[in-house]
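my_file_10.cif follows; it contains mmCIF, C-alpha atoms and all ligand atoms.
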data_query
loop_
_atom_site.label_atom_id
_atom_site.label_comp_id
_atom_site.auth_asym_id
_atom_site.auth_seq_id
_atom_site.Cartn_x
_atom_site.Cartn_y
_atom_site.Cartn_z
CA MET A 1347 18.27 5.53 119.67
CA ILE A 1348 15.20 7.68 119.00
CA LYS A 1349 13.33 8.39 122.26
CA TYR A 1350 11.21 11.44 121.47
CA HIS A 1351 8.33 11.28 119.02
CA PRO A 1352 5.38 13.52 118.05
CA GLU A 1353 2.23 13.01 120.15
CA HIS A 1354 -0.27 10.50 118.75
CA GLU A 1355 -2.85 13.30 118.16
CA GLN A 1356 -0.26 15.25 116.18
CA LEU A 1357 0.39 12.21 113.99
CA VAL A 1358 -3.36 11.81 113.42
CA LYS A 1359 -3.53 15.44 112.27
CA PHE A 1360 -0.48 14.85 110.10
CA VAL A 1361 -1.97 11.80 108.39
CA SER A 1362 -5.34 13.44 107.85
CA GLY A 1363 -3.67 16.53 106.37
CA GLU A 1364 -4.86 18.86 109.12
CA ALA A 1365 -1.50 19.65 110.65
CA ASP A 1366 0.15 23.03 110.20
CA PRO A 1367 2.40 22.76 107.09
CA ALA A 1368 5.62 23.41 109.03
CA TRP A 1369 4.63 20.81 111.63
CA SER A 1370 3.89 18.39 108.81
CA LEU A 1371 7.31 18.97 107.34
CA VAL A 1372 9.18 18.33 110.60
CA MET A 1373 6.95 15.35 111.47
CA SER A 1374 7.38 13.88 108.02
CA ALA A 1375 11.20 14.20 108.29
CA HIS A 1376 11.02 12.50 111.71
CA VAL A 1377 8.86 9.69 110.32
CA ASP A 1378 11.48 9.18 107.57
CA MET A 1379 14.00 8.46 110.33
CA CYS A 1380 11.74 6.61 112.78
CA PRO A 1381 10.55 3.00 112.22
CA PHE A 1382 8.27 3.30 115.27
CA CYS A 1383 6.35 6.28 113.84
CA GLN A 1384 6.31 4.70 110.38
CA LYS A 1385 4.20 1.91 111.89
CA GLU A 1386 2.06 4.45 113.76
CA VAL A 1387 1.42 6.39 110.55
CA GLU A 1388 0.53 3.19 108.73
CA ALA A 1389 -1.91 2.15 111.46
CA ILE A 1390 -3.48 5.62 111.58
CA SER A 1391 -3.85 5.73 107.77
CA GLU A 1392 -5.54 2.35 107.82
CA GLU A 1393 -7.89 3.40 110.60
CA LEU A 1394 -8.79 6.64 108.83
CA SER A 1395 -9.40 4.92 105.50
CA HIS A 1396 -11.70 2.38 107.18
CA GLU A 1397 -13.64 5.22 108.78
CA HIS A 1398 -13.82 6.93 105.44
CA LEU A 1399 -15.07 3.82 103.67
CA SER A 1400 -17.70 3.05 106.28
CA ASN A 1401 -18.91 6.65 106.05
CA ASP A 1402 -19.20 6.27 102.34
CA ALA A 1403 -20.54 2.75 101.75
CA HIS A 1404 -21.33 3.40 98.10
CA VAL A 1405 -17.76 3.60 96.93
CA THR A 1406 -17.06 0.97 94.31
CA MET A 1407 -13.88 0.34 92.42
CA ASP A 1408 -15.32 1.05 88.98
CA SER A 1409 -13.12 1.30 85.94
CA SER A 1410 -12.86 5.11 85.94
CA LEU A 1411 -11.69 5.05 89.55
CA ASN A 1412 -9.18 2.38 88.62
CA LEU A 1413 -7.85 4.55 85.83
CA MET A 1414 -7.57 7.49 88.17
CA MET A 1415 -5.71 5.37 90.71
CA ASN A 1416 -3.29 4.30 88.00
CA ASP A 1417 -2.69 7.93 87.09
CA ILE A 1418 -2.00 8.78 90.71
CA MET A 1419 0.42 5.89 91.05
CA ASP A 1420 2.21 7.03 87.88
CA LEU A 1421 2.50 10.54 89.22
CA SER A 1422 4.02 9.39 92.47
CA THR A 1423 6.59 7.28 90.63
CA ALA A 1424 7.50 10.29 88.51
CA SER A 1425 7.95 12.54 91.54
CA GLU A 1426 10.01 9.90 93.31
CA GLU A 1427 12.32 9.77 90.32
CA LYS A 1428 12.63 13.52 90.39
CA GLU A 1429 13.40 13.37 94.07
CA GLN A 1430 16.28 11.03 93.50
CA SER A 1431 18.02 13.62 91.35
CA GLN A 1432 17.87 16.14 94.20
CA THR A 1433 20.77 16.64 96.57
CA SER A 1434 20.29 14.36 99.51
CA TYR A 1435 22.91 15.86 101.76
CA LEU A 1436 24.12 19.08 103.34
CA GLU A 1437 27.78 20.09 103.48
CA LEU A 1438 29.62 21.96 106.19
CA GLU A 1439 33.40 22.33 106.37
CA GLY A 1440 34.02 19.26 104.23
CA ARG A 1441 31.55 17.06 106.12
CA ARG A 1442 28.45 15.61 104.48
CA PHE A 1443 25.23 15.08 106.36
CA GLU A 1444 22.54 12.86 104.85
CA LEU A 1445 19.13 14.53 105.02
CA PRO A 1446 15.85 12.73 105.71
CA ARG A 1447 13.78 12.42 102.53
CA ALA A 1448 11.29 15.15 103.50
CA LEU A 1449 14.02 17.78 103.83
CA ARG A 1450 15.91 16.98 100.63
CA ARG A 1451 13.87 19.31 98.45
CA PHE A 1452 15.10 22.17 100.66
CA ALA A 1453 18.81 21.36 100.33
CA SER A 1454 19.04 23.68 97.31
CA LYS A 1455 17.06 26.37 99.16
CA THR A 1456 19.51 26.47 102.04
CA ASP A 1457 21.68 29.59 102.33
CA SER A 1458 25.36 29.33 103.08
CA TRP A 1459 26.48 28.63 106.64
CA SER A 1460 27.41 31.49 108.89
CA ARG A 1461 29.31 31.21 112.11
CA LEU A 1462 27.58 32.56 115.21
CA VAL A 1463 28.79 32.88 118.80
CA GLY A 1464 30.15 29.88 120.68
CA LYS A 1465 30.98 27.13 118.17
CA LEU A 1466 27.60 27.56 116.56
CA TRP A 1467 26.76 27.53 112.86
CA GLN A 1468 23.51 28.49 111.20
CA ALA A 1469 22.10 28.15 107.70
CA PRO A 1470 18.63 29.57 106.97
CA VAL A 1471 16.29 27.56 104.75
CA ASP A 1472 13.64 29.10 102.56
CA LEU A 1473 10.50 27.02 103.17
CA GLY A 1474 8.34 29.03 100.77
CA GLU A 1475 4.92 29.81 102.23
CA MET A 1476 5.94 28.27 105.55
CA GLY A 1477 8.53 31.00 106.03
CA LYS A 1478 11.99 30.13 107.22
CA GLY A 1479 13.59 27.20 108.99
CA HIS A 1480 17.19 26.75 110.10
CA PHE A 1481 19.82 24.13 110.07
CA ILE A 1482 21.92 24.65 113.18
CA PHE A 1483 25.22 22.92 113.75
CA MET A 1484 26.81 22.85 117.19
CA GLU A 1485 30.47 21.89 117.19
CA PRO A 1486 31.48 19.52 119.99
CA GLY A 1487 30.98 21.44 123.24
CA GLY A 1488 29.12 24.19 121.36
CA SER A 1489 25.89 25.51 122.82
CA VAL A 1490 22.94 27.79 122.20
CA PRO A 1491 22.67 30.37 125.04
CA GLU A 1492 19.92 29.72 127.60
CA HIS A 1493 16.57 30.72 126.14
CA THR A 1494 12.85 30.29 126.31
CA HIS A 1495 10.30 30.45 123.49
CA ARG A 1496 7.58 32.91 122.67
CA GLY A 1497 5.90 30.38 120.46
CA ASN A 1498 6.64 26.77 119.48
CA GLU A 1499 10.10 25.53 118.70
CA LEU A 1500 10.23 22.30 116.68
CA THR A 1501 13.58 20.58 116.49
CA LEU A 1502 14.65 17.46 114.66
CA VAL A 1503 18.09 16.01 115.38
CA ILE A 1504 19.58 15.14 111.99
CA ASN A 1505 22.99 13.94 113.15
CA GLY A 1506 24.76 13.61 116.51
CA GLU A 1507 23.29 14.38 119.91
CA PHE A 1508 22.83 17.23 122.36
CA GLN A 1509 21.82 17.73 125.97
CA ASP A 1510 19.85 20.54 127.51
CA GLY A 1511 20.41 19.99 131.20
CA GLN A 1512 17.36 17.75 131.61
CA ARG A 1513 17.50 15.36 128.69
CA CYS A 1514 19.79 13.94 126.05
CA TYR A 1515 18.52 13.99 122.48
CA ASP A 1516 19.79 11.59 119.86
CA THR A 1517 19.72 11.41 116.04
CA GLY A 1518 16.10 11.34 114.84
CA ASP A 1519 14.54 12.75 118.00
CA PHE A 1520 11.56 15.09 117.53
CA ILE A 1521 11.43 17.86 120.13
CA LEU A 1522 8.70 20.38 120.84
CA MET A 1523 9.42 23.29 123.18
CA ASP A 1524 7.22 26.25 124.05
CA SER A 1525 7.06 29.13 126.50
CA SER A 1526 6.97 26.70 129.43
CA ASN A 1527 10.48 25.44 128.59
CA THR A 1528 13.79 27.18 129.25
CA HIS A 1529 16.86 25.33 128.12
CA THR A 1530 20.52 25.54 127.07
CA PRO A 1531 21.28 23.00 124.34
CA VAL A 1532 24.89 21.73 124.38
CA ALA A 1533 26.42 19.35 121.82
CA THR A 1534 27.97 16.56 123.84
CA HIS A 1535 28.82 14.15 121.03
CA GLU A 1536 32.38 14.21 119.68
CA ASP A 1537 30.96 14.74 116.17
CA GLY A 1538 28.90 17.74 117.23
CA CYS A 1539 25.22 17.99 116.41
CA LEU A 1540 23.21 19.04 113.37
CA VAL A 1541 19.56 19.92 113.91
CA PHE A 1542 16.74 21.30 111.80
CA SER A 1543 14.77 23.88 113.71
CA TYR A 1544 11.53 25.74 113.12
CA VAL A 1545 10.28 28.48 115.43
CA ASP A 1546 7.13 30.51 114.92
CA GLU A 1547 8.40 33.38 117.08
CA PRO A 1548 12.00 34.47 117.81
CA LEU A 1549 13.76 32.88 120.79
CA TYR A 1550 14.06 34.82 124.03
CA PHE A 1551 17.46 34.62 125.69
CA THR A 1552 17.19 34.46 129.45
CA SER A 1553 20.63 34.79 130.98
CA GLY A 1554 23.96 36.60 130.97
CA LEU A 1555 25.29 38.50 128.02
CA ALA A 1556 23.05 36.59 125.65
CA ARG A 1557 20.18 38.78 126.85
CA LEU A 1558 21.79 41.57 124.84
CA LEU A 1559 20.96 39.51 121.75
CA ASN A 1560 17.20 39.69 122.29
CA PRO A 1561 16.56 42.81 120.20
CA PHE A 1562 18.31 40.98 117.35
CA SER A 1563 17.06 37.48 117.98
CA HIS A 1564 14.91 37.58 114.85
CA LEU A 1565 18.21 37.59 112.95
CA PHE A 1566 19.13 34.18 114.32
CA PHE A 1567 16.97 31.14 114.73
CA LYS A 1568 13.97 32.82 113.13
ZN ZN B 1601 8.94 8.52 116.09
#

In structure tokens, how does this file's structure come out?
Ligand SMILES: [Zn+2]
Amino acid sequence: MIKYHPEHEQLVKFVSGEADPAWSLVMSAHVDMCPFCQKEVEAISEELSHEHLSNDAHVTMDSSLNLMMNDIMDLSTASEEKEQSQTSYLELEGRRFELPRALRRFASKTDSWSRLVGKLWQAPVDLGEMGKGHFIFMEPGGSVPEHTHRGNELTLVINGEFQDGQRCYDTGDFILMDSSNTHTPVATHEDGCLVFSYVDEPLYFTSGLARLLNPFSHLFFK
């Protein structure tokens, strides 16, 4: 069950189009998976449109506006159709993982998987102007070495679950970590765990041999 959601203020920014594009992407993928946030987004949109209308009392639904609305509706139907022809899943070692709608357009922009240390797989995703994101797959028992963050780390659990010593994250959970968090994610589910991750600065490994990775950490997870 999904337990971790974006903050209300973040969702407000998302709905009003003020969120950072990468945040918007991860939030939108979470909303695709989360009925609770779908309702939140709906309520926020309604609230914002009321505010907008009361600020602008002269808006009338004249015929040109109606025509424009029809055009917009047509456009969105066309793009939805296009979306359906896109790959909706990611493959790794013969397994297929369904992607949330918002991430599907990046399925074809995902590089091949490479195996890292400790039952860990990584596939970089070209997000265009947003830079790079990563799909990370932890095999059962696989873990990311203990690390902290120089910037923000946004994670969305696509399939499976993982623990990080303090919490257990399930499919659909939205997780924000920053420099105040140090953690060691471990995949506890028998199916392993697939996440989508976006960091704005490379990770900083904090213990053991993994510290030797720090000079190269921009090569993984960033
Ligand atoms: Zn949610």

Sorted by chain and rising residue number, list the residues of chain A at most 6 Å from ligand ZN 1601 (chain B) (counting only C-alpha atoms and all ligand atoms), each with its closest atom pair and distance in Å to one decimal, as JSON lines.
{"residue": "A:His1351", "atom": "CA", "partner": "B:ZN1601", "partner_atom": "ZN", "distance": 4.1}
{"residue": "A:Val1377", "atom": "CA", "partner": "B:ZN1601", "partner_atom": "ZN", "distance": 5.9}
{"residue": "A:Cys1380", "atom": "CA", "partner": "B:ZN1601", "partner_atom": "ZN", "distance": 4.7}
{"residue": "A:Phe1382", "atom": "CA", "partner": "B:ZN1601", "partner_atom": "ZN", "distance": 5.3}
{"residue": "A:Cys1383", "atom": "CA", "partner": "B:ZN1601", "partner_atom": "ZN", "distance": 4.1}

Can you measure CA of Thr1517 (chain A) to CA of Gly1497 (chain A) for me? One decimal in Å is fine.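 Here the two named atoms are 23.9 Å from each other.
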
Report, as JSON, the axis-aligned box around all atoms of region 1452-1471 of chain A present in the file, extended by 5 Å on each side; give centre and edge lengths in Å to one decimal place.
{"center_x": 23.0, "center_y": 27.1, "center_z": 109.0, "size_x": 25.9, "size_y": 21.5, "size_z": 33.4}

Within 10 Å of region 1533-1544 of chain A: each region 1437-1473 of chain A residue with its shortest pair, all atoms listed in the file, as a Markdown table:
| residue | atom | partner | partner_atom | distance |
| --- | --- | --- | --- | --- |
| A:Phe1443 | CA | A:Leu1540 | CA | 8.3 |
| A:Leu1445 | CA | A:Phe1542 | CA | 9.9 |
| A:Leu1449 | CA | A:Phe1542 | CA | 9.1 |
| A:Lys1465 | CA | A:Gly1538 | CA | 9.7 |
| A:Leu1466 | CA | A:Ala1533 | CA | 9.8 |
| A:Trp1467 | CA | A:Leu1540 | CA | 9.2 |
| A:Gln1468 | CA | A:Leu1540 | CA | 9.7 |
| A:Ala1469 | CA | A:Phe1542 | CA | 9.6 |
| A:Pro1470 | CA | A:Ser1543 | CA | 9.6 |
| A:Val1471 | CA | A:Phe1542 | CA | 9.4 |

Do you have the CA of Pro1367 (chain A)-CA of Glu1386 (chain A) distance handy?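 Those two atoms sit 19.5 Å apart.
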
Considering all atoms listed in the file, can you say which of A:Ile1504, A:Phe1483, A:Ile1390, A:Gln1512 comes closest to Val1358 (chain A)?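 Residue with the minimum atom-to-atom distance to Val1358 (chain A): A:Ile1390.
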
Between CA of Lys1385 (chain A) and CA of Ala1448 (chain A), what is the distance in Å, rounded to a tenth? 17.2 Å

I'd like the contact shell of Glu1444 (chain A) - 7 Å cut-off, all atoms listed in the file, skipping same-chain residues fewer than 4 positions apart - returned as a list in words.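 In the requested format, the answer is Ser1434, Tyr1435 and Leu1436 of chain A.
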
List the neighbours of Pro1352 (chain A) out to 10 Å using only C-alpha atoms; skip same-chain residues closer than 5 positions along the sequence, and give me the result as a ChimeraX atom specification. /A:1357,1360,1369,1372-1373,1376-1377,1383,1519-1522

Can you write out the residues you just picked, keeping C-alpha atoms, as an mmCIF file, in the frame of the given file?
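Result saved to out_22.cif:
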data_model
loop_
_atom_site.group_PDB
_atom_site.id
_atom_site.type_symbol
_atom_site.label_atom_id
_atom_site.label_comp_id
_atom_site.auth_asym_id
_atom_site.auth_seq_id
_atom_site.Cartn_x
_atom_site.Cartn_y
_atom_site.Cartn_z
ATOM 1 C CA LEU A 1357 0.390 12.210 113.990
ATOM 2 C CA PHE A 1360 -0.480 14.850 110.100
ATOM 3 C CA TRP A 1369 4.630 20.810 111.630
ATOM 4 C CA VAL A 1372 9.180 18.330 110.600
ATOM 5 C CA MET A 1373 6.950 15.350 111.470
ATOM 6 C CA HIS A 1376 11.020 12.500 111.710
ATOM 7 C CA VAL A 1377 8.860 9.690 110.320
ATOM 8 C CA CYS A 1383 6.350 6.280 113.840
ATOM 9 C CA ASP A 1519 14.540 12.750 118.000
ATOM 10 C CA PHE A 1520 11.560 15.090 117.530
ATOM 11 C CA ILE A 1521 11.430 17.860 120.130
ATOM 12 C CA LEU A 1522 8.700 20.380 120.840
#

Between A:Gln1509, A:Ala1389, A:Arg1461, A:Arg1447, smallest distance to His1354 (chain A) by only C-alpha atoms belongs to A:Ala1389

Distance criterion (all atoms listed in the file): nearest to Ser1460 (chain A) out of A:Glu1475, A:His1480, A:Thr1528, A:Pro1446: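 Result for the nearest residue to Ser1460 (chain A): A:His1480.
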
Counting all atoms listed in the file, the option among A:Arg1451, A:Lys1478, A:His1493, A:His1529 closest to Ala1375 (chain A): A:Arg1451

Here is a test: counting all atoms listed in the file, which residue of A:Asp1457, A:Glu1364, A:Asp1524, A:Asp1510 is nearest to Val1490 (chain A)?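 Among the listed residues, A:Asp1510 lies closest to Val1490 (chain A).
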